Each structure stands twice: as C-alpha cells, then as structure tokens.
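Novice: This is the content of target30.csv (CSV, C-alpha atoms):
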chain,number,residue,atom,x,y,z
A,1,MET,CA,-49.5,16.2,-5.1
A,2,LEU,CA,-46.1,16.9,-6.7
A,3,LEU,CA,-44.3,15.5,-3.7
A,4,GLU,CA,-46.5,12.4,-3.6
A,5,ASP,CA,-45.9,11.8,-7.3
A,6,GLY,CA,-42.2,12.1,-6.8
A,7,LEU,CA,-42.2,9.6,-4.0
A,8,ARG,CA,-44.3,7.2,-6.1
A,9,ARG,CA,-41.9,7.5,-9.0
A,10,GLU,CA,-39.0,7.0,-6.8
A,11,ARG,CA,-40.5,3.8,-5.3
A,12,ASP,CA,-41.3,2.4,-8.8
A,13,GLU,CA,-37.7,2.9,-9.9
A,14,TRP,CA,-36.3,1.3,-6.8
A,15,ASP,CA,-36.4,-2.5,-7.1
A,16,GLU,CA,-38.2,-3.6,-3.9
A,17,GLU,CA,-36.4,-7.0,-4.0
A,18,ASN,CA,-33.1,-5.3,-3.5
A,19,LEU,CA,-34.2,-3.0,-0.6
A,20,VAL,CA,-31.8,-4.7,1.9
A,21,GLY,CA,-29.1,-5.6,-0.6
A,22,ASP,CA,-28.4,-2.3,-2.4
A,23,PHE,CA,-27.6,1.1,-1.1
A,24,PRO,CA,-30.8,3.2,-1.4
A,25,PRO,CA,-30.5,6.2,-3.8
A,26,LEU,CA,-29.4,9.4,-2.0
A,27,CYS,CA,-32.6,11.1,-3.1
A,28,VAL,CA,-34.4,9.0,-0.5
A,29,VAL,CA,-32.4,10.5,2.2
A,30,ASN,CA,-32.8,14.0,0.6
A,31,LEU,CA,-36.5,13.5,0.6
A,32,PHE,CA,-36.4,12.4,4.2
A,33,ARG,CA,-34.6,15.7,5.0
A,34,GLU,CA,-37.4,17.7,3.3
A,35,ILE,CA,-40.5,16.0,4.7
A,36,GLU,CA,-39.1,14.7,8.0
A,37,PRO,CA,-41.2,11.5,8.3
A,38,ASP,CA,-41.0,9.4,11.5
A,39,ALA,CA,-37.7,7.5,11.6
A,40,VAL,CA,-36.7,5.2,14.5
A,41,LEU,CA,-33.9,3.0,15.6
A,42,ARG,CA,-35.1,-0.3,17.2
A,43,TYR,CA,-33.3,-2.6,19.5
A,44,GLY,CA,-35.6,-5.4,20.7
A,45,SER,CA,-38.6,-3.7,22.4
A,46,VAL,CA,-36.9,-0.3,22.7
A,47,SER,CA,-37.3,2.3,19.9
A,48,VAL,CA,-35.8,5.8,19.8
A,49,ASP,CA,-36.2,8.6,17.2
A,50,ILE,CA,-33.3,9.3,14.8
A,51,ASP,CA,-32.6,12.4,12.8
A,52,ALA,CA,-31.7,12.8,9.1
A,53,ASP,CA,-28.0,12.9,9.8
A,54,LEU,CA,-27.9,9.6,11.7
A,55,LEU,CA,-30.2,8.0,9.1
A,56,GLU,CA,-27.8,8.9,6.3
A,57,SER,CA,-24.8,7.8,8.4
A,58,LEU,CA,-26.4,4.4,9.3
A,59,LEU,CA,-27.4,3.7,5.7
A,60,ASP,CA,-23.9,4.6,4.6
A,61,ASP,CA,-22.4,2.3,7.2
A,62,GLU,CA,-24.7,-0.6,6.3
A,63,PHE,CA,-24.6,-0.4,2.5
A,64,LYS,CA,-21.7,1.6,1.3
A,65,PHE,CA,-19.1,-0.7,2.9
A,66,SER,CA,-18.8,-4.3,2.0
A,67,ARG,CA,-18.2,-7.0,4.6
A,68,GLU,CA,-14.6,-7.0,3.8
A,69,ASP,CA,-14.4,-3.2,4.3
A,70,ASP,CA,-16.2,-3.6,7.6
A,71,ASP,CA,-14.0,-6.2,9.3
A,72,GLY,CA,-11.5,-7.3,6.7
A,73,LEU,CA,-13.1,-10.8,6.4
A,74,ASP,CA,-14.4,-12.4,3.2
A,75,PRO,CA,-15.7,-16.0,3.5
A,76,VAL,CA,-15.0,-16.6,-0.2
A,77,GLN,CA,-11.2,-16.2,0.5
A,78,VAL,CA,-11.1,-18.7,3.4
A,79,LEU,CA,-8.6,-21.5,2.6
A,80,ASP,CA,-7.0,-24.4,4.3
A,81,TYR,CA,-3.9,-22.6,5.4
A,82,ASP,CA,-2.2,-25.7,6.7
A,83,ILE,CA,-1.6,-26.8,3.1
A,84,VAL,CA,-0.6,-23.5,1.6
A,85,ASN,CA,2.6,-23.7,-0.4
A,86,PHE,CA,4.4,-20.4,-0.1
A,87,LEU,CA,6.0,-19.7,-3.5
A,88,SER,CA,7.7,-16.5,-2.3
A,89,LYS,CA,10.1,-15.9,0.6
A,90,SER,CA,9.4,-13.4,3.3
A,91,SER,CA,10.5,-9.9,2.2
A,92,CYS,CA,11.8,-9.1,5.7
A,93,ALA,CA,15.6,-9.0,5.7
A,94,ARG,CA,17.6,-9.7,8.8
A,95,GLU,CA,18.3,-6.6,10.8
A,96,PRO,CA,21.9,-5.8,11.5
A,97,ARG,CA,21.1,-5.0,15.2
A,98,ARG,CA,18.8,-8.1,15.7
A,99,GLU,CA,20.8,-9.1,18.8
A,100,LEU,CA,19.9,-5.8,20.5
A,101,TRP,CA,16.2,-6.2,19.8
A,102,GLU,CA,16.4,-9.8,21.0
A,103,LYS,CA,17.7,-8.4,24.3
A,104,PHE,CA,14.9,-5.8,24.4
A,105,ALA,CA,12.4,-8.7,23.9
A,106,LYS,CA,13.5,-10.2,27.2
A,107,HIS,CA,13.4,-7.0,29.1
A,108,PRO,CA,11.1,-7.0,32.2
A,109,HIS,CA,9.7,-3.6,31.2
A,110,HIS,CA,6.7,-4.0,28.8
A,111,GLY,CA,7.6,-0.8,27.0
A,112,MET,CA,11.0,-2.2,26.0
A,113,ARG,CA,9.4,-5.4,24.8
A,114,ALA,CA,7.0,-3.3,22.7
A,115,ILE,CA,10.0,-1.7,21.0
A,116,ALA,CA,11.4,-5.1,20.2
A,117,ALA,CA,8.1,-6.1,18.8
A,118,GLN,CA,8.4,-3.5,16.1
A,119,HIS,CA,11.6,-5.0,14.6
A,120,ALA,CA,12.6,-8.1,12.5
A,121,ILE,CA,13.4,-10.5,15.3
A,122,SER,CA,13.4,-14.3,15.3
A,123,ALA,CA,10.2,-16.4,14.6
A,124,SER,CA,10.4,-17.9,18.1
A,125,THR,CA,10.6,-14.4,19.7
A,126,PHE,CA,7.6,-13.3,17.6
A,127,ARG,CA,5.6,-16.2,19.0
A,128,ARG,CA,6.7,-15.5,22.5
A,129,LEU,CA,5.8,-11.8,22.4
A,130,LEU,CA,2.4,-12.7,20.8
A,131,ALA,CA,1.5,-14.4,24.1
A,132,ASP,CA,3.0,-11.6,26.2
A,133,ARG,CA,1.1,-10.5,29.4
A,134,SER,CA,1.0,-6.9,27.9
A,135,TYR,CA,-1.8,-6.2,25.5
A,136,LYS,CA,0.3,-3.4,24.0
A,137,VAL,CA,3.1,-5.9,23.1
A,138,ARG,CA,0.7,-8.3,21.5
A,139,LYS,CA,-0.9,-5.5,19.5
A,140,THR,CA,2.5,-4.2,18.4
A,141,ILE,CA,3.4,-7.6,17.0
A,142,LEU,CA,0.2,-7.7,15.0
A,143,GLY,CA,1.1,-4.4,13.5
A,144,ASN,CA,4.5,-5.6,12.4
A,145,THR,CA,4.5,-6.8,8.8
A,146,CYS,CA,7.7,-8.8,9.3
A,147,ALA,CA,6.2,-10.6,12.2
A,148,LEU,CA,3.0,-11.5,10.3
A,149,GLU,CA,5.0,-12.6,7.3
A,150,SER,CA,7.0,-14.9,9.5
A,151,LEU,CA,4.2,-16.2,11.7
A,152,VAL,CA,1.9,-17.3,8.8
A,153,ARG,CA,4.6,-19.5,7.3
A,154,SER,CA,4.8,-22.0,10.1
A,155,LYS,CA,2.3,-24.2,11.9
A,156,LYS,CA,3.4,-22.9,15.3
A,157,GLY,CA,3.1,-19.4,14.1
A,158,ARG,CA,-0.4,-19.9,12.7
A,159,ALA,CA,-1.5,-21.5,15.9
A,160,ALA,CA,-0.2,-18.5,17.9
A,161,LEU,CA,-2.0,-16.1,15.5
A,162,SER,CA,-5.2,-18.0,15.8
A,163,LYS,CA,-5.2,-17.6,19.5
A,164,ALA,CA,-4.3,-13.9,19.5
A,165,VAL,CA,-6.8,-12.8,16.8
A,166,ALA,CA,-9.7,-14.3,18.7
A,167,ASP,CA,-9.7,-10.9,20.4
A,168,TYR,CA,-11.7,-8.3,18.3
A,169,GLU,CA,-9.3,-5.3,18.5
A,170,LEU,CA,-6.2,-7.5,18.0
A,171,ARG,CA,-7.9,-9.2,15.0
A,172,ASN,CA,-8.6,-5.8,13.5
A,173,GLU,CA,-5.0,-4.7,14.0
A,174,ALA,CA,-3.8,-7.8,12.2
A,175,LEU,CA,-6.2,-7.2,9.3
A,176,ARG,CA,-5.2,-3.6,8.9
A,177,THR,CA,-1.6,-4.8,8.6
A,178,ALA,CA,-2.6,-7.4,6.1
A,179,ASP,CA,-2.8,-4.7,3.4
A,180,SER,CA,1.0,-4.5,3.5
A,181,LEU,CA,1.7,-8.3,3.3
A,182,SER,CA,2.4,-10.5,0.3
A,183,GLU,CA,-0.7,-11.8,-1.4
A,184,GLU,CA,-0.2,-15.3,0.0
A,185,ALA,CA,0.4,-14.2,3.6
A,186,ALA,CA,-2.6,-11.8,3.5
A,187,ARG,CA,-4.9,-14.7,2.3
A,188,VAL,CA,-3.6,-17.0,5.1
A,189,LEU,CA,-4.0,-14.3,7.7
A,190,SER,CA,-7.5,-13.4,6.6
A,191,SER,CA,-8.5,-17.1,6.8
A,192,ILE,CA,-7.1,-17.4,10.3
A,193,ALA,CA,-9.0,-14.3,11.3
A,194,PHE,CA,-12.2,-15.5,9.8
A,195,ARG,CA,-12.1,-18.8,11.6
A,196,ALA,CA,-11.3,-17.0,14.9
A,197,ALA,CA,-14.3,-14.7,14.7
A,198,ASP,CA,-17.5,-15.8,16.3
A,199,ASP,CA,-20.7,-15.7,14.2
A,200,VAL,CA,-23.3,-14.6,16.7
A,201,SER,CA,-25.7,-13.1,14.2
A,202,GLU,CA,-28.5,-15.6,14.7
A,203,ALA,CA,-28.5,-15.3,18.5
A,204,ALA,CA,-28.3,-11.5,18.5
A,205,PRO,CA,-31.3,-9.1,19.0
A,206,VAL,CA,-32.3,-7.4,15.7
A,207,VAL,CA,-31.1,-3.8,15.4
A,208,GLU,CA,-33.0,-2.0,12.6
A,209,ILE,CA,-34.0,1.4,11.4
A,210,ALA,CA,-37.4,2.2,10.0
A,211,PHE,CA,-38.2,5.3,8.0
A,212,GLY,CA,-40.7,6.7,5.6
A,213,VAL,CA,-44.5,7.0,5.9
A,214,ASP,CA,-47.4,4.7,5.3
A,215,GLU,CA,-46.9,2.4,2.2
A,216,ASP,CA,-43.4,3.9,1.7
A,217,ARG,CA,-42.3,2.7,5.2
A,218,THR,CA,-38.9,1.0,4.8
A,219,VAL,CA,-37.2,-1.2,7.4
A,220,VAL,CA,-33.4,-2.0,7.2
A,221,ALA,CA,-31.6,-4.4,9.5
A,222,LEU,CA,-28.2,-3.2,10.7
A,223,THR,CA,-25.5,-5.9,10.5
A,224,THR,CA,-22.1,-4.2,9.9
A,225,ASN,CA,-19.8,-3.4,12.9
A,226,ARG,CA,-19.8,0.3,11.8
A,227,ALA,CA,-23.5,0.6,11.8
A,228,LEU,CA,-24.0,-1.4,15.0
A,229,THR,CA,-21.5,0.7,16.9
A,230,ASP,CA,-23.1,4.0,15.8
A,231,ALA,CA,-26.5,2.7,16.6
A,232,ALA,CA,-25.6,1.5,20.1
A,233,PHE,CA,-24.1,4.8,21.1
A,234,TRP,CA,-27.2,6.7,19.8
A,235,LEU,CA,-29.5,4.3,21.6
A,236,ILE,CA,-27.7,4.8,24.9
A,237,ASP,CA,-27.6,8.6,24.5
A,238,LYS,CA,-31.3,9.0,23.7
A,239,TYR,CA,-32.5,6.4,26.2
A,240,GLN,CA,-30.7,7.8,29.2
A,241,ASP,CA,-31.9,11.3,28.3
A,242,LYS,CA,-35.4,10.0,27.6
A,243,LYS,CA,-35.6,11.7,24.3
A,244,GLY,CA,-37.8,10.2,21.6
A,245,VAL,CA,-38.1,6.8,23.4
A,246,HIS,CA,-41.1,4.7,22.2
A,247,GLY,CA,-42.7,1.5,23.4
A,248,ASP,CA,-40.9,1.3,26.7
A,249,VAL,CA,-42.9,2.1,29.8
A,250,HIS,CA,-40.1,0.9,32.0
A,251,SER,CA,-38.0,4.1,31.5
A,252,ALA,CA,-40.8,6.5,32.6
A,253,SER,CA,-40.3,5.9,36.3
A,254,LEU,CA,-36.5,6.0,36.3
A,255,ASP,CA,-34.1,8.9,36.7
A,256,ARG,CA,-31.2,9.5,34.3
A,257,ASP,CA,-28.7,7.3,36.0
A,258,GLU,CA,-31.2,4.4,36.3
A,259,ARG,CA,-32.0,4.7,32.7
A,260,SER,CA,-28.3,4.7,31.8
A,261,ASP,CA,-27.8,1.6,33.9
A,262,TYR,CA,-30.8,-0.2,32.4
A,263,ILE,CA,-29.8,0.4,28.7
A,264,CYS,CA,-26.1,-0.4,29.3
A,265,GLY,CA,-27.2,-3.5,31.1
A,266,LEU,CA,-29.4,-4.5,28.2
A,267,LEU,CA,-26.6,-4.0,25.7
A,268,ALA,CA,-24.0,-5.7,28.0
A,269,GLU,CA,-25.8,-9.0,27.4
A,270,ASP,CA,-25.6,-8.6,23.6
A,271,PRO,CA,-23.5,-11.4,21.9
A,272,ARG,CA,-21.9,-8.9,19.5
A,273,VAL,CA,-18.6,-7.5,20.8
A,274,VAL,CA,-19.0,-4.1,19.2
A,275,VAL,CA,-22.3,-3.6,21.0
A,276,ARG,CA,-20.8,-4.6,24.4
A,277,MET,CA,-17.9,-2.3,23.7
A,278,ALA,CA,-20.3,0.6,23.3
A,279,ALA,CA,-22.0,-0.3,26.5
A,280,ALA,CA,-18.7,-0.5,28.4
A,281,GLN,CA,-17.7,3.0,27.3
A,282,SER,CA,-21.0,4.4,28.6
A,283,ALA,CA,-21.5,2.3,31.8
A,284,ARG,CA,-21.2,4.0,35.1
A,285,ALA,CA,-18.6,2.6,37.5
A,286,GLU,CA,-21.2,1.9,40.2
A,287,SER,CA,-23.6,0.1,37.8
A,288,LYS,CA,-24.3,-3.6,37.6
A,289,ALA,CA,-23.6,-3.4,33.9
A,290,ALA,CA,-20.0,-2.2,34.5
A,291,ARG,CA,-19.4,-5.1,36.9
A,292,MET,CA,-20.8,-7.5,34.3
A,293,LEU,CA,-18.6,-6.0,31.5
A,294,ALA,CA,-15.5,-6.1,33.8
A,295,VAL,CA,-15.5,-9.9,33.5
A,296,ASP,CA,-16.5,-10.0,29.9
A,297,GLY,CA,-14.9,-12.8,27.9
A,298,SER,CA,-13.4,-10.3,25.4
A,299,ALA,CA,-10.4,-8.2,26.4
A,300,SER,CA,-11.6,-5.6,23.8
A,301,VAL,CA,-14.8,-5.1,25.9
A,302,ARG,CA,-13.0,-5.0,29.3
A,303,ARG,CA,-10.6,-2.4,28.0
A,304,GLN,CA,-13.4,0.0,27.1
A,305,LEU,CA,-14.2,0.5,30.8
A,306,TYR,CA,-12.2,3.7,31.5
A,307,GLU,CA,-13.1,3.6,35.2
A,308,MET,CA,-12.6,0.6,37.4
A,309,PRO,CA,-16.1,-0.8,38.3
A,310,LEU,CA,-17.0,-0.6,42.0
A,311,GLY,CA,-17.7,-3.7,44.1
A,312,LEU,CA,-15.5,-6.1,42.2
A,313,ASP,CA,-14.4,-9.1,44.3
A,314,ALA,CA,-10.9,-10.4,44.1
A,315,GLN,CA,-11.6,-12.9,41.3
A,316,GLU,CA,-13.5,-10.3,39.2
A,317,LEU,CA,-10.7,-7.8,39.7
A,318,GLU,CA,-8.1,-10.4,38.4
A,319,ILE,CA,-10.2,-10.8,35.2
A,320,PHE,CA,-10.6,-7.1,34.8
A,321,LEU,CA,-6.9,-6.4,35.1
A,322,SER,CA,-5.8,-9.5,33.1
A,323,ASP,CA,-2.3,-9.4,34.7
A,324,ASP,CA,-1.5,-6.6,32.3
A,325,PRO,CA,1.2,-4.2,33.7
A,326,GLU,CA,-0.4,-1.3,31.8
A,327,ARG,CA,-3.7,-2.0,33.6
A,328,PHE,CA,-1.9,-2.2,37.0
A,329,VAL,CA,-0.4,1.3,36.3
A,330,GLU,CA,-3.7,2.8,35.0
A,331,PHE,CA,-5.8,1.7,38.0
A,332,MET,CA,-3.1,1.7,40.7
A,333,GLU,CA,-4.7,4.2,43.0
A,334,GLU,CA,-8.2,2.7,42.8
A,335,ILE,CA,-6.7,-0.8,43.6
A,336,LEU,CA,-4.7,0.5,46.6
A,337,LYS,CA,-7.9,2.1,48.1
A,338,ARG,CA,-9.6,-1.3,48.3
A,339,PRO,CA,-9.9,-3.2,51.6
A,340,ASP,CA,-7.4,-5.7,50.1
A,341,GLY,CA,-5.1,-2.9,48.9
A,342,GLY,CA,-2.3,-4.2,51.1
A,343,LYS,CA,-2.2,-7.5,49.4
A,344,TRP,CA,-2.1,-5.9,46.0
A,345,ALA,CA,0.7,-3.6,47.1
A,346,GLU,CA,2.7,-6.7,48.1
A,347,ARG,CA,2.1,-8.2,44.7
A,348,PHE,CA,3.0,-5.0,42.9
A,349,GLU,CA,6.3,-4.8,44.9
A,350,LYS,CA,7.3,-8.2,43.6
A,351,ASP,CA,6.0,-7.6,40.0
A,352,PRO,CA,8.9,-8.1,37.5
A,353,ASP,CA,7.9,-5.0,35.5
A,354,PRO,CA,9.7,-1.9,36.9
A,355,ALA,CA,6.8,0.3,35.6
A,356,VAL,CA,4.5,-1.3,38.1
A,357,GLN,CA,6.9,-1.0,41.0
A,358,ARG,CA,7.6,2.7,40.2
A,359,GLU,CA,3.9,3.5,39.9
A,360,LEU,CA,3.3,1.9,43.3
A,361,ILE,CA,6.0,4.1,44.9
A,362,ARG,CA,4.7,7.2,43.1
A,363,ALA,CA,1.1,6.6,44.2
A,364,VAL,CA,1.9,6.0,47.8
A,365,ILE,CA,4.2,9.0,48.1
A,366,ALA,CA,1.7,11.3,46.3
A,367,ASP,CA,-1.1,10.1,48.6
A,368,LEU,CA,1.0,10.7,51.8
A,369,ASN,CA,1.9,14.1,50.6
A,370,ARG,CA,-1.7,15.0,50.0
A,371,HIS,CA,-3.3,13.4,53.0
A,372,GLY,CA,-0.6,12.6,55.5
A,373,GLU,CA,-1.8,10.4,58.3
A,374,ARG,CA,-5.3,10.4,56.7
A,375,SER,CA,-3.9,8.4,53.8
A,376,LEU,CA,-6.5,6.9,51.5
A,377,PHE,CA,-4.3,3.8,51.3
A,378,GLN,CA,-4.7,2.8,55.0
A,379,ASN,CA,-4.2,-0.9,54.2
A,380,VAL,CA,-0.9,-0.1,52.4
A,381,THR,CA,0.7,2.6,54.6
A,382,ALA,CA,-0.1,0.6,57.7
A,383,ARG,CA,2.2,-2.2,56.7
Rewrite the structure of this file - the entire thing - as structure tokens.

Specialist:
Amino acid sequence: MLLEDGLRRERDEWDEENLVGDFPPLCVVNLFREIEPDAVLRYGSVSVDIDADLLESLLDDEFKFSREDDDGLDPVQVLDYDIVNFLSKSSCAREPRRELWEKFAKHPHHGMRAIAAQHAISASTFRRLLADRSYKVRKTILGNTCALESLVRSKKGRAALSKAVADYELRNEALRTADSLSEEAARVLSSIAFRAADDVSEAAPVVEIAFGVDEDRTVVALTTNRALTDAAFWLIDKYQDKKGVHGDVHSASLDRDERSDYICGLLAEDPRVVVRMAAAQSARAESKAARMLAVDGSASVRRQLYEMPLGLDAQELEIFLSDDPERFVEFMEEILKRPDGGKWAERFEKDPDPAVQRELIRAVIADLNRHGERSLFQNVTAR
C-alpha cells in the first residue's frame, strides 16, 4: 500500500500534459529500479526489454539535452546569411609561413594537404580543400576556426560550406568548431548547417520506450540523435541474441547471424542517418544490409562499415570507396583479392597520392612473402 500511495502521489505531482516535454523526476527512475516493472524499447513492430540503466540513459539523452546540445542546430537562430553584414573582421592573422602551407595544400599526399588545412591559408585554398577527395582533409578544414571565419564571409565560401556540411559527421565537426567562432560567424554557420540537414522525422518509424505498470504506463518517443543511437545499438544487440524480444515471430526460426542480418537490414532502410550508422557498425560483411549500406547516400554511413562488404560490383565498390585515398589504403588487400584486382592495381599504380602507391607495393610484397606462388592476388601478380 505504501508503494502504491507513493506512486499515486508522484503521478499527481507530475503534470501529465508535460510528460513528453519535461524531463521526468529522477524518483521515477529510482522507483523503476526498486519495483522493476516491464520496460521495453519499440521500433516498428519489434520490441525488446530494456533494463534500468538503459532507461535512465535514454531518458537522459532525450530530455536532459536540448536540440541545440544534440546536434548544434536551433531553428530560431536561422537567418538569411546572404544578407549578413559582418561588423567585425576575421580574427585570423596572416601566418608568416603561409607560402609554405600553400605548397603543402598542393601536395599529392593527402596527409600533407591535411597539415595545410590546419593553418591560416588563403580563402580560395580553403574552398579547394573543402572539396578535396580526402574526407580527412575536408574534416580538418571544418575543424579550423580560421577557415570557417573566412568561408562564412563570402558567397563562394558559404556555398562550399553548404555542400560540405550536408554530410552528418562533417556537419557535426563544423558545429563543434562554431563554439570558437565570432558570434556573427557562428550564427551564419549554424544557419547553413540547419538548412543542409534533412528533416526526415515524419517519414521515420517511431522509436519509443514504454515503462511503468497499468495506469502508470508511460510512453516516450525518442527523437534526439543521442537517444536514437543508443536505442539502435541496444535493439541490434538484444535482437541478434534473441533476448527479451517481443511481438516478432520472424526471429524464432532464425539463427544468430540471420537475426543480425534481419535487424541490420531493417535499420538500414531507416531515413535517419544515426540509425543507419549504427546498423553499418553492426552489419556482417556478407549480409545484404552491408551491401545496401555500402552505397548509402551518406558518407558518414558508408564510413561506419569497418569491413568491405562482400559481393560488391564495380559500381558499388566505387561508391563505397568514394575515390578517397585513405579508403584505398584501408581496404587495399581486400580490393586486390577481387577478380578485378588487376584493374584496380593498375589504377592504384597511377594514383597521384604516393600513400596509395606505397600501400599497393607493400601489400603485394607482403602477400608474395607469405604465399609465394600461391599468392592471393593472382590477378595482380600475374600481370
């Protein structure tokens, strides 16, 4: 009776109109820990049990952090940045060794260009590096306060930024740097980022948590990137292990790998980038989901695939690698083992980035030393 009275008083004190808008009192979570009522995470028709720690974490992620904390974007601050009158000058002074960094910016090795991207170089060079073939170089530019202060002040610079920050991880890198910018530059950058971000909330499956018992049952929809990411990883982990899964008869007849492929494939079709990123980190290389995510429209998603998916055709492989020298180096051995490995070797030999050429030589020599005439790169060493 005492526990029931406590729950009833707690419910009376909690304005039910603000269930979704306000962070629930911590005593609700504490009571959950004590009485352990059923609590589930729902994604479409799939539901899995969640424990007290995850419940508290998801509520924290959803309510404790504002939208601006979550992704750095606040719709109220969006402005027409093409008519902004900058009252202050950029605080970045000309570097005494700018000529050296300008030379680095033209170097064929992406690592040298990344070094240049850290310095105060010319506005035109900033724009050129922001469209570099190397993801690392582009990300370095967006972490450079001098670069952002320069780019937001010109129409060409803002156009280059708008294209770059369409990518989720690059957008987040720019917004993290915004804290170090002048107030005017930060507002312009936030506006560019807000316009570049896709609003897919209406088309996305509902992700929600439900906890409590009987009339005290509470349902909270998860909308922040933090909460959605944590929820996606939990869902994958529990579903593939078939622990506490409800309302899904499909999983009963599947083994663990098949369950993993099914849930990752389901999440791979989600319109939210952070959900697909979670699926990519968990997808098996031989799964249909991995092949789907390899050609995802977001580089942030493709980069979460730590193994090269099997069965990619030539066009799919091109999308997966994105002509990025770092990707060529990372997946060199897997590429050379393909039936068309010889063609890729020819391409790597002619690649302007010396890192790619060196990795090709290293991979071939290492394979010959290990396997001799039984080289795994038959289509390369036979040339």

Novice: Quick one: residues within 8 Å of stretch 43-48 of chain A, only C-alpha atoms, excluding same-chain residues fewer than 4 positions away - as an MDAnalysis selection string?

Specialist: chainID A and resid 205:208 235 238:239 243:248

Novice: Expressed in Å to a single decimal, how great is the separation between atom CA of A:Ala294 and atom CA of A:Leu267?

Specialist: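 The value is 13.9 Å.
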
Novice: By how many Å are atom CA of A:Pro354 and atom CA of A:Leu129 apart?

Specialist: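 About the pair atom CA of A:Pro354 and atom CA of A:Leu129: they are 18.0 Å apart.
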
Novice: With a distance cut-off of 10 Å and all atoms listed in the file, select the neighbouring residues of A:Phe126, excluding the residue or stretch itself and same-chain residues fewer than 6 positions from it, and output the selection as JSON, numbers by chain.

Specialist: {"A": [105, 116, 117, 118, 119, 120, 132, 138, 141, 142, 144, 146, 147, 148, 150, 151, 157, 160]}

Novice: Could you write out that same residue set with C-alpha atoms as a PDB file, in the coordinates of the input?

Specialist:
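New file result05.pdb:
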ATOM      1  CA  ALA A 105      12.400  -8.700  23.900  1.00  0.00           C
ATOM      2  CA  ALA A 116      11.400  -5.100  20.200  1.00  0.00           C
ATOM      3  CA  ALA A 117       8.100  -6.100  18.800  1.00  0.00           C
ATOM      4  CA  GLN A 118       8.400  -3.500  16.100  1.00  0.00           C
ATOM      5  CA  HIS A 119      11.600  -5.000  14.600  1.00  0.00           C
ATOM      6  CA  ALA A 120      12.600  -8.100  12.500  1.00  0.00           C
ATOM      7  CA  ASP A 132       3.000 -11.600  26.200  1.00  0.00           C
ATOM      8  CA  ARG A 138       0.700  -8.300  21.500  1.00  0.00           C
ATOM      9  CA  ILE A 141       3.400  -7.600  17.000  1.00  0.00           C
ATOM     10  CA  LEU A 142       0.200  -7.700  15.000  1.00  0.00           C
ATOM     11  CA  ASN A 144       4.500  -5.600  12.400  1.00  0.00           C
ATOM     12  CA  CYS A 146       7.700  -8.800   9.300  1.00  0.00           C
ATOM     13  CA  ALA A 147       6.200 -10.600  12.200  1.00  0.00           C
ATOM     14  CA  LEU A 148       3.000 -11.500  10.300  1.00  0.00           C
ATOM     15  CA  SER A 150       7.000 -14.900   9.500  1.00  0.00           C
ATOM     16  CA  LEU A 151       4.200 -16.200  11.700  1.00  0.00           C
ATOM     17  CA  GLY A 157       3.100 -19.400  14.100  1.00  0.00           C
ATOM     18  CA  ALA A 160      -0.200 -18.500  17.900  1.00  0.00           C
TER      19      ALA A 160
END

Novice: Identify, on the basis of only C-alpha atoms, every residue whose closest approach to A:Ser322 does not exceed 8 Å; exclude the query and any residue fewer than 4 positions from it along the same chain; express the result as a PyMOL selection string.

Specialist: chain A and resi 133+318+327

Novice: Quick one: everything within 9 Å of A:Arg303, counting all atoms listed in the file, minus sequence neighbours fewer than 3 positions away in the same chain. Send it as a PyMOL selection string.

Specialist: chain A and resi 277+280-281+294+298-300+306+320-321+327

Novice: Measuring between only C-alpha atoms, which one of A:Asp237, A:Glu333, A:Asp296, A:Asp61 shows the shortest distance to A:Thr224?

Specialist: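 Nearest candidate to A:Thr224 out of A:Asp237, A:Glu333, A:Asp296, A:Asp61: A:Asp61.
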
Novice: Under the rule that all atoms listed in the file are counted, which of A:Arg153, A:Ala123, A:Leu293, A:Thr140 is the nearest residue to A:Glu184?

Specialist: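 Distance minimum relative to A:Glu184 lands on A:Arg153.
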
Novice: Using only C-alpha atoms for the distances, tell me which of A:Ala185, A:Ala131, A:Ala39, A:Met332 is nearest to A:Arg362.

Specialist: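 Between A:Ala185, A:Ala131, A:Ala39, A:Met332, the residue approaching A:Arg362 most closely is A:Met332.
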
Novice: From the set A:Leu360, A:Val165, A:Asp53, A:Ser201, which residue has the shortest atom-to-atom contact distance to A:Pro271, counting all atoms listed in the file?

Specialist: A:Ser201

Novice: Could you tell me how far atom CA of A:Asn172 lies from atom CA of A:Glu62, in Å and to one decimal?

Specialist: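 Computing the Euclidean distance for atom CA of A:Asn172 and atom CA of A:Glu62 yields 18.4 Å.
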
Novice: Check the smallest atom-to-atom distance from each of A:Phe348, A:Phe211, A:Phe331, A:Phe104 to A:Val137 using all atoms listed in the file, then report the winner.

Specialist: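 Using all atoms listed in the file, the shortest distance to A:Val137 belongs to A:Phe104.
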
Novice: Please determine, counting all atoms listed in the file, which residue among A:Cys264, A:Ala114, A:Leu222, A:Ala164 has the shortest atom-to-atom distance to A:Leu41.

Specialist: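 Once distances to A:Leu41 are computed over all atoms listed in the file, the minimum belongs to A:Leu222.
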
Novice: Quick one: residues within 10 Å of A:Pro108, only C-alpha atoms counted, chain neighbours fewer than 6 positions away excluded, as a PyMOL selection string?

Specialist: chain A and resi 351-355

Novice: Kindly complete stretch 353-364 of chain A to N, CA and C atoms; the output should be written as an mmCIF file, in the frame of the given file.

Specialist:
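Dumped everything to out-v1.cif:
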data_model
loop_
_atom_site.group_PDB
_atom_site.id
_atom_site.type_symbol
_atom_site.label_atom_id
_atom_site.label_comp_id
_atom_site.auth_asym_id
_atom_site.auth_seq_id
_atom_site.Cartn_x
_atom_site.Cartn_y
_atom_site.Cartn_z
ATOM 1 N N ASP A 353 7.827 -6.195 36.364
ATOM 2 C CA ASP A 353 7.900 -5.000 35.500
ATOM 3 C C ASP A 353 8.171 -3.776 36.338
ATOM 4 N N PRO A 354 9.279 -3.101 36.067
ATOM 5 C CA PRO A 354 9.700 -1.900 36.900
ATOM 6 C C PRO A 354 8.631 -0.794 36.762
ATOM 7 N N ALA A 355 7.846 -0.747 35.702
ATOM 8 C CA ALA A 355 6.800 0.300 35.600
ATOM 9 C C ALA A 355 5.777 0.153 36.675
ATOM 10 N N VAL A 356 5.453 -1.077 37.037
ATOM 11 C CA VAL A 356 4.500 -1.300 38.100
ATOM 12 C C VAL A 356 5.063 -0.932 39.451
ATOM 13 N N GLN A 357 6.303 -1.319 39.689
ATOM 14 C CA GLN A 357 6.900 -1.000 41.000
ATOM 15 C C GLN A 357 7.052 0.551 41.127
ATOM 16 N N ARG A 358 7.448 1.243 40.072
ATOM 17 C CA ARG A 358 7.600 2.700 40.200
ATOM 18 C C ARG A 358 6.248 3.383 40.392
ATOM 19 N N GLU A 359 5.188 2.877 39.739
ATOM 20 C CA GLU A 359 3.900 3.500 39.900
ATOM 21 C C GLU A 359 3.360 3.266 41.338
ATOM 22 N N LEU A 360 3.670 2.121 41.927
ATOM 23 C CA LEU A 360 3.300 1.900 43.300
ATOM 24 C C LEU A 360 3.943 2.895 44.228
ATOM 25 N N ILE A 361 5.234 3.099 44.078
ATOM 26 C CA ILE A 361 6.000 4.100 44.900
ATOM 27 C C ILE A 361 5.403 5.479 44.692
ATOM 28 N N ARG A 362 5.203 5.856 43.428
ATOM 29 C CA ARG A 362 4.700 7.200 43.100
ATOM 30 C C ARG A 362 3.319 7.413 43.749
ATOM 31 N N ALA A 363 2.417 6.424 43.636
ATOM 32 C CA ALA A 363 1.100 6.600 44.200
ATOM 33 C C ALA A 363 1.058 6.714 45.679
ATOM 34 N N VAL A 364 1.859 5.915 46.367
ATOM 35 C CA VAL A 364 1.900 6.000 47.800
ATOM 36 C C VAL A 364 2.477 7.285 48.308
#
